[in-house]
Amino acid sequence: MLHLIVSGEGTSLLALGGILFAFVATVLATAKLGQYLPKDVGRDFAHDGKLSAGKPRGAGIIFVLAFVTAAFLFAGLDVEIIIYLLLTVVCMITGYLDDAAKSPWGEFRKGFLDLCVAILTALTFLKFNSGRIELAFLHMGIDIPRGLFIVLAVILVWVSVNVTNCSDGVDGLSGTLAIISLMTIYLVDRTLNTGRNFSFLILLFAACILGYLWYNATPSRLLMGDAGSRAMGLFISIAVLKTGRPLLYIPVALVLILDGGLGLIKLSLLRVFRIRILKNVRTPLHDHVRKIWGWSNTQTVFRFAIIQILLAVAVIYGIG
């Protein structure tokens with residue numbers, strides 16, 4: 001909105017103002033509204049899960065709404081971006097309703113809702129963009145038939161939403177990894193000059209996550225819940241799609257994929273094919289390294305982040 005009345009050198013100051021607004025609005029809103037969030041009951045299946053009992057849960061509703069507000073105030077919007085913002089809000093709302101429910105929603109209900117959001121995201125992307133996939137490190141492209149592209153995009157979005165959600169189990173972990181992934185995508189966008197409007201949205205979203213992490217560093221005061229983790233996963237997948245290089249999702253979010261995805265694979269193979277794998281590995285991996293390897297929460301966050309940063313450096317070097 002504000003960008004319509006600001007031009008020239010003022011746009012840089014407006015962008016800086018937007019980033020600061022996103023961060024400060026998240027911090028202040030969290031401080032004022034965090035007490036009204038539903039309370040976590042602790043998770044018996046998670047390592048040290050009971051330590052979260054009584055903490056406010058569902059803080060994702062605060063930083064996602066702060067992000068959307070900042071986007072409407074400071075970013076250049078078009079129909080495609082507005083749809084993505086609405087879908088992010090939808091993903092946040094479904095997550096928050098689960099956070100606030102007395103009994104957790106079943107896997108099939110959440111999986112179906114995630115699938116609906118994934119389909120709408122894929123259709124929106126293909127409406128406004130081509131179905132051509134650029135192979136980043138090979139400097140070549142492939143034109144994908146529309147039907148196949150939609151299927152692949154739906155898989156990407158659904159996976160991103162769920163692995164990010166499953167990685168949310170250690171104070172600061174999923175938020176920190178999400179910021180690293182998003183900033184990697186931002187640097188890819190700037191390197192390839194793929195579009196400033198969406199790149200700026202990445203900065204706004206990262207600033208809002210940082211505002212949440214202000215209260216979530218160990219020991220945390222509140223938890224993002226599904227309201228935050230699912231919305232983050234959706235936004236990461238959209239950001240990757242907008243690069244035109246969706247396969248980059250693997251290296252830019254590899255730690256999220258391994259941490260949250262191995263459990264999904266393990267459970268799916270057991271239920272569908274009665275195949276048991278990784279019997280001696282606890283999932284998510286952040287539970288394994290804490291319980292089996294004896295890592296502290298802080299060590300888990302820092303070491304997982306270091307691994308993802310190294311991957312990010314490799315991606316940026318390869319793209320350049």
# chains A, B, ... in the order shown; residues from 1 in each chain; ligands from 1
call {"tool": "select_by_dssp", "arguments": {"residues": "stretch 141-293 of chain A", "states": "alpha helix (DSSP H)", "output": "VMD selection string"}}
result
chain A and resid 146 to 166 173 to 192 196 to 213 225 to 242 249 to 252 254 to 273 285 to 291
call {"tool": "residues_around", "arguments": {"residues": "A:Leu241", "least_positions_apart": "4", "cutoff": "8 Å", "atoms": "only C-alpha atoms", "output": "ChimeraX atom specification"}}
result
/A:125,153,237,245-246
call {"tool": "closest_atom_pairs", "arguments": {"of": "stretch 49-83 of chain A", "to": "stretch 23-34 of chain A", "cutoff": "12 Å", "atoms": "only C-alpha atoms", "output": "Markdown table"}}
result
| residue | atom | partner | partner_atom | distance |
| --- | --- | --- | --- | --- |
| A:Lys55 | CA | A:Gly34 | CA | 9.5 |
| A:Pro56 | CA | A:Gly34 | CA | 6.5 |
| A:Arg57 | CA | A:Gly34 | CA | 8.4 |
| A:Gly58 | CA | A:Gly34 | CA | 8.9 |
| A:Ala59 | CA | A:Gly34 | CA | 6.8 |
| A:Gly60 | CA | A:Thr30 | CA | 9.7 |
| A:Ile61 | CA | A:Thr30 | CA | 9.7 |
| A:Ile62 | CA | A:Thr30 | CA | 6.5 |
| A:Phe63 | CA | A:Thr26 | CA | 5.4 |
| A:Val64 | CA | A:Thr26 | CA | 8.7 |
| A:Leu65 | CA | A:Thr26 | CA | 8.7 |
| A:Ala66 | CA | A:Thr26 | CA | 5.8 |
| A:Phe67 | CA | A:Thr26 | CA | 8.2 |
| A:Val68 | CA | A:Thr26 | CA | 11.2 |
| A:Thr69 | CA | A:Ala25 | CA | 9.4 |
| A:Ala70 | CA | A:Ala25 | CA | 8.7 |
call {"tool": "closest_atom_pairs", "arguments": {"of": "stretch 163-248 of chain A", "to": "stretch 285-296 of chain A", "cutoff": "8 Å", "atoms": "only C-alpha atoms", "output": "JSON lines"}}
result
{"residue": "A:Ser167", "atom": "CA", "partner": "A:His286", "partner_atom": "CA", "distance": 7.6}
{"residue": "A:Gly169", "atom": "CA", "partner": "A:His286", "partner_atom": "CA", "distance": 7.5}
{"residue": "A:Val170", "atom": "CA", "partner": "A:His286", "partner_atom": "CA", "distance": 7.3}
call {"tool": "closest_residue", "arguments": {"among": "A:Ala207, A:Ile119, A:Leu234, A:Leu187", "to": "A:Gly95", "atoms": "only C-alpha atoms"}}
result
A:Leu234
call {"tool": "residues_around", "arguments": {"residues": "A:Ile180", "least_positions_apart": "2", "cutoff": "9 Å", "atoms": "only C-alpha atoms", "output": "ChimeraX atom specification"}}
result
/A:175-178,182-185,206,252-253,305,308-309,312
call {"tool": "write_last_selection", "arguments": {"atoms": "C-alpha atoms", "output": "mmCIF file, in the first residue's frame"}}
result
data_model
loop_
_atom_site.group_PDB
_atom_site.id
_atom_site.type_symbol
_atom_site.label_atom_id
_atom_site.label_comp_id
_atom_site.auth_asym_id
_atom_site.auth_seq_id
_atom_site.Cartn_x
_atom_site.Cartn_y
_atom_site.Cartn_z
ATOM 1 C CA GLY A 175 12.238 -21.145 13.246
ATOM 2 C CA THR A 176 16.027 -20.955 12.955
ATOM 3 C CA LEU A 177 16.160 -23.537 10.168
ATOM 4 C CA ALA A 178 13.282 -21.817 8.353
ATOM 5 C CA LEU A 182 14.408 -18.562 3.408
ATOM 6 C CA MET A 183 17.525 -16.392 3.375
ATOM 7 C CA THR A 184 19.226 -18.915 1.099
ATOM 8 C CA ILE A 185 16.293 -18.633 -1.292
ATOM 9 C CA ALA A 206 12.128 -13.799 8.164
ATOM 10 C CA VAL A 252 18.082 -25.403 0.966
ATOM 11 C CA ALA A 253 15.861 -27.304 3.412
ATOM 12 C CA ALA A 305 21.803 -24.720 11.928
ATOM 13 C CA GLN A 308 22.135 -26.079 6.998
ATOM 14 C CA ILE A 309 24.341 -22.967 6.699
ATOM 15 C CA ALA A 312 23.389 -22.846 1.958
#
call {"tool": "atom_distance", "arguments": {"atom1": "atom CA of A:Phe235", "atom2": "atom CA of A:Tyr186"}}
result
12.5 Å
call {"tool": "select_by_dssp", "arguments": {"residues": "stretch 40-186 of chain A", "states": "strand (DSSP E)", "output": "list of chain:residue names"}}
result
A:Arg132, A:Ile133, A:Glu134, A:Leu135, A:Met140, A:Gly141, A:Ile142, A:Asp143
call {"tool": "closest_residue", "arguments": {"among": "A:Asp143, A:Asp259, A:Asp114, A:Glu134", "to": "A:Thr164", "atoms": "only C-alpha atoms"}}
result
A:Asp259
call {"tool": "closest_residue", "arguments": {"among": "A:Ile316, A:Leu192, A:Ile209, A:Leu173", "to": "A:Thr300", "atoms": "only C-alpha atoms"}}
result
A:Leu173
call {"tool": "closest_atom_pairs", "arguments": {"of": "stretch 223-284 of chain A", "to": "stretch 100-107 of chain A", "cutoff": "12 Å", "atoms": "only C-alpha atoms", "output": "JSON lines"}}
result
{"residue": "A:Met224", "atom": "CA", "partner": "A:Ala100", "partner_atom": "CA", "distance": 12.0}
{"residue": "A:Gly225", "atom": "CA", "partner": "A:Ala100", "partner_atom": "CA", "distance": 9.5}
{"residue": "A:Asp226", "atom": "CA", "partner": "A:Ala100", "partner_atom": "CA", "distance": 9.9}
{"residue": "A:Ala227", "atom": "CA", "partner": "A:Ala100", "partner_atom": "CA", "distance": 9.8}
{"residue": "A:Leu264", "atom": "CA", "partner": "A:Glu107", "partner_atom": "CA", "distance": 11.2}
{"residue": "A:Leu267", "atom": "CA", "partner": "A:Glu107", "partner_atom": "CA", "distance": 11.7}
{"residue": "A:Ser268", "atom": "CA", "partner": "A:Glu107", "partner_atom": "CA", "distance": 11.8}
call {"tool": "write_last_selection", "arguments": {"atoms": "C-alpha atoms", "output": "mmCIF file, in the first residue's frame"}}
result
data_model
loop_
_atom_site.group_PDB
_atom_site.id
_atom_site.type_symbol
_atom_site.label_atom_id
_atom_site.label_comp_id
_atom_site.auth_asym_id
_atom_site.auth_seq_id
_atom_site.Cartn_x
_atom_site.Cartn_y
_atom_site.Cartn_z
ATOM 1 C CA MET A 224 4.680 -21.461 17.640
ATOM 2 C CA GLY A 225 2.548 -24.593 17.357
ATOM 3 C CA ASP A 226 1.076 -25.868 14.105
ATOM 4 C CA ALA A 227 -0.150 -22.328 13.403
ATOM 5 C CA LEU A 264 6.969 -39.574 7.981
ATOM 6 C CA LEU A 267 5.574 -44.346 9.665
ATOM 7 C CA SER A 268 4.248 -44.547 6.095
#
call {"tool": "closest_residue", "arguments": {"among": "A:Leu85, A:Ile257, A:Ile236, A:Ile179", "to": "A:Cys208", "atoms": "only C-alpha atoms"}}
result
A:Ile179
call {"tool": "atom_distance", "arguments": {"atom1": "atom CA of A:Asn165", "atom2": "atom CA of A:Ile83"}}
result
21.8 Å
call {"tool": "atom_distance", "arguments": {"atom1": "atom CA of A:Val159", "atom2": "atom CA of A:Leu77"}}
result
26.6 Å
call {"tool": "closest_residue", "arguments": {"among": "A:Val163, A:Val301, A:Leu258, A:Ala75", "to": "A:Gly18", "atoms": "only C-alpha atoms"}}
result
A:Ala75
call {"tool": "residues_around", "arguments": {"residues": "A:Thr121", "least_positions_apart": "6", "cutoff": "8 Å", "atoms": "only C-alpha atoms", "output": "list in words"}}
result
Tyr84, Leu87, Val154, Val157 and Ile238 of chain A
call {"tool": "write_last_selection", "arguments": {"atoms": "all heavy atoms", "output": "PDB file, in the first residue's frame"}}
result
ATOM      1  N   TYR A  84      -1.298 -16.115  -2.406  1.00  0.00           N
ATOM      2  CA  TYR A  84      -0.337 -16.814  -1.554  1.00  0.00           C
ATOM      3  C   TYR A  84      -0.467 -16.365  -0.094  1.00  0.00           C
ATOM      4  O   TYR A  84      -0.377 -17.178   0.827  1.00  0.00           O
ATOM      5  CB  TYR A  84       1.095 -16.565  -2.037  1.00  0.00           C
ATOM      6  CG  TYR A  84       1.429 -17.199  -3.361  1.00  0.00           C
ATOM      7  CD1 TYR A  84       2.311 -16.574  -4.239  1.00  0.00           C
ATOM      8  CD2 TYR A  84       0.879 -18.416  -3.745  1.00  0.00           C
ATOM      9  CE1 TYR A  84       2.638 -17.144  -5.452  1.00  0.00           C
ATOM     10  CE2 TYR A  84       1.195 -18.989  -4.960  1.00  0.00           C
ATOM     11  CZ  TYR A  84       2.071 -18.345  -5.821  1.00  0.00           C
ATOM     12  OH  TYR A  84       2.386 -18.917  -7.024  1.00  0.00           O
ATOM     13  N   LEU A  87      -3.514 -18.011   1.342  1.00  0.00           N
ATOM     14  CA  LEU A  87      -3.290 -19.434   1.594  1.00  0.00           C
ATOM     15  C   LEU A  87      -2.405 -19.634   2.822  1.00  0.00           C
ATOM     16  O   LEU A  87      -2.609 -20.584   3.592  1.00  0.00           O
ATOM     17  CB  LEU A  87      -2.639 -20.086   0.373  1.00  0.00           C
ATOM     18  CG  LEU A  87      -3.556 -20.277  -0.844  1.00  0.00           C
ATOM     19  CD1 LEU A  87      -2.758 -20.746  -2.053  1.00  0.00           C
ATOM     20  CD2 LEU A  87      -4.661 -21.279  -0.531  1.00  0.00           C
ATOM     21  N   VAL A 154       2.307 -30.106  -5.949  1.00  0.00           N
ATOM     22  CA  VAL A 154       1.495 -30.499  -4.784  1.00  0.00           C
ATOM     23  C   VAL A 154       2.334 -31.317  -3.808  1.00  0.00           C
ATOM     24  O   VAL A 154       2.285 -31.102  -2.587  1.00  0.00           O
ATOM     25  CB  VAL A 154       0.255 -31.293  -5.234  1.00  0.00           C
ATOM     26  CG1 VAL A 154      -0.422 -31.975  -4.031  1.00  0.00           C
ATOM     27  CG2 VAL A 154      -0.743 -30.373  -5.923  1.00  0.00           C
ATOM     28  N   VAL A 157       4.781 -28.944  -1.955  1.00  0.00           N
ATOM     29  CA  VAL A 157       4.120 -28.116  -0.934  1.00  0.00           C
ATOM     30  C   VAL A 157       3.715 -28.963   0.259  1.00  0.00           C
ATOM     31  O   VAL A 157       3.956 -28.593   1.418  1.00  0.00           O
ATOM     32  CB  VAL A 157       2.894 -27.394  -1.529  1.00  0.00           C
ATOM     33  CG1 VAL A 157       2.149 -26.622  -0.435  1.00  0.00           C
ATOM     34  CG2 VAL A 157       3.321 -26.448  -2.645  1.00  0.00           C
ATOM     35  N   ILE A 238       6.486 -22.113  -1.452  1.00  0.00           N
ATOM     36  CA  ILE A 238       6.130 -21.101  -2.438  1.00  0.00           C
ATOM     37  C   ILE A 238       7.376 -20.340  -2.879  1.00  0.00           C
ATOM     38  O   ILE A 238       7.582 -20.075  -4.069  1.00  0.00           O
ATOM     39  CB  ILE A 238       5.084 -20.126  -1.865  1.00  0.00           C
ATOM     40  CG1 ILE A 238       3.774 -20.856  -1.583  1.00  0.00           C
ATOM     41  CG2 ILE A 238       4.831 -18.972  -2.837  1.00  0.00           C
ATOM     42  CD1 ILE A 238       2.758 -20.024  -0.815  1.00  0.00           C
TER      43      ILE A 238
END
